[in-house]
Amino acid sequence: MTQRWIEIVIGKLVTDAALRNAFLAAPHDTLSALVEQGMHLTRAEIAALLAIDARLWASTAEHLDLTRLTASAEHE
């Protein structure tokens, strides 16, 4: 597996709302577009990303936003 590319894709799915929404609407097409843009994902990696429960992406994004808000409030 090309761990670095998986890390990048996962990071984008969690932090980029537009990409996440596109992925949730059309997961295979979205990953294919990322590959066309230069992401080096194997078929096995694409299959693994497609097999992950889609709720994970939004849930993780929500938790990260809450963490940022909490961290910001603590520093004020």
# chains A, B, ... in the order shown; residues from 1 in each chain; ligands from 1
$ residues_around --residues "stretch 6-9 of chain A" --least-positions-apart "2" --cutoff "12 Å" --atoms "only C-alpha atoms" --output "ChimeraX atom specification"
/A:1-4,11-16,19-20,23,30-35,37-42,44-50,57
$ atom_distance --atom1 "atom CA of A:His28" --atom2 "atom CA of A:Arg55"
16.1 Å
$ select_by_dssp --residues "chain A" --states "alpha helix (DSSP H)" --output "PyMOL selection string"
chain A and resi 3-15+17-25+27-36+43-51+55-74
$ atom_distance --atom1 "atom CA of A:Glu36" --atom2 "atom CA of A:Glu62"
28.5 Å
$ closest_residue --among "A:Ala54, A:Thr60, A:Asp65, A:Trp5" --to "A:Asn21" --atoms "only C-alpha atoms"
A:Ala54
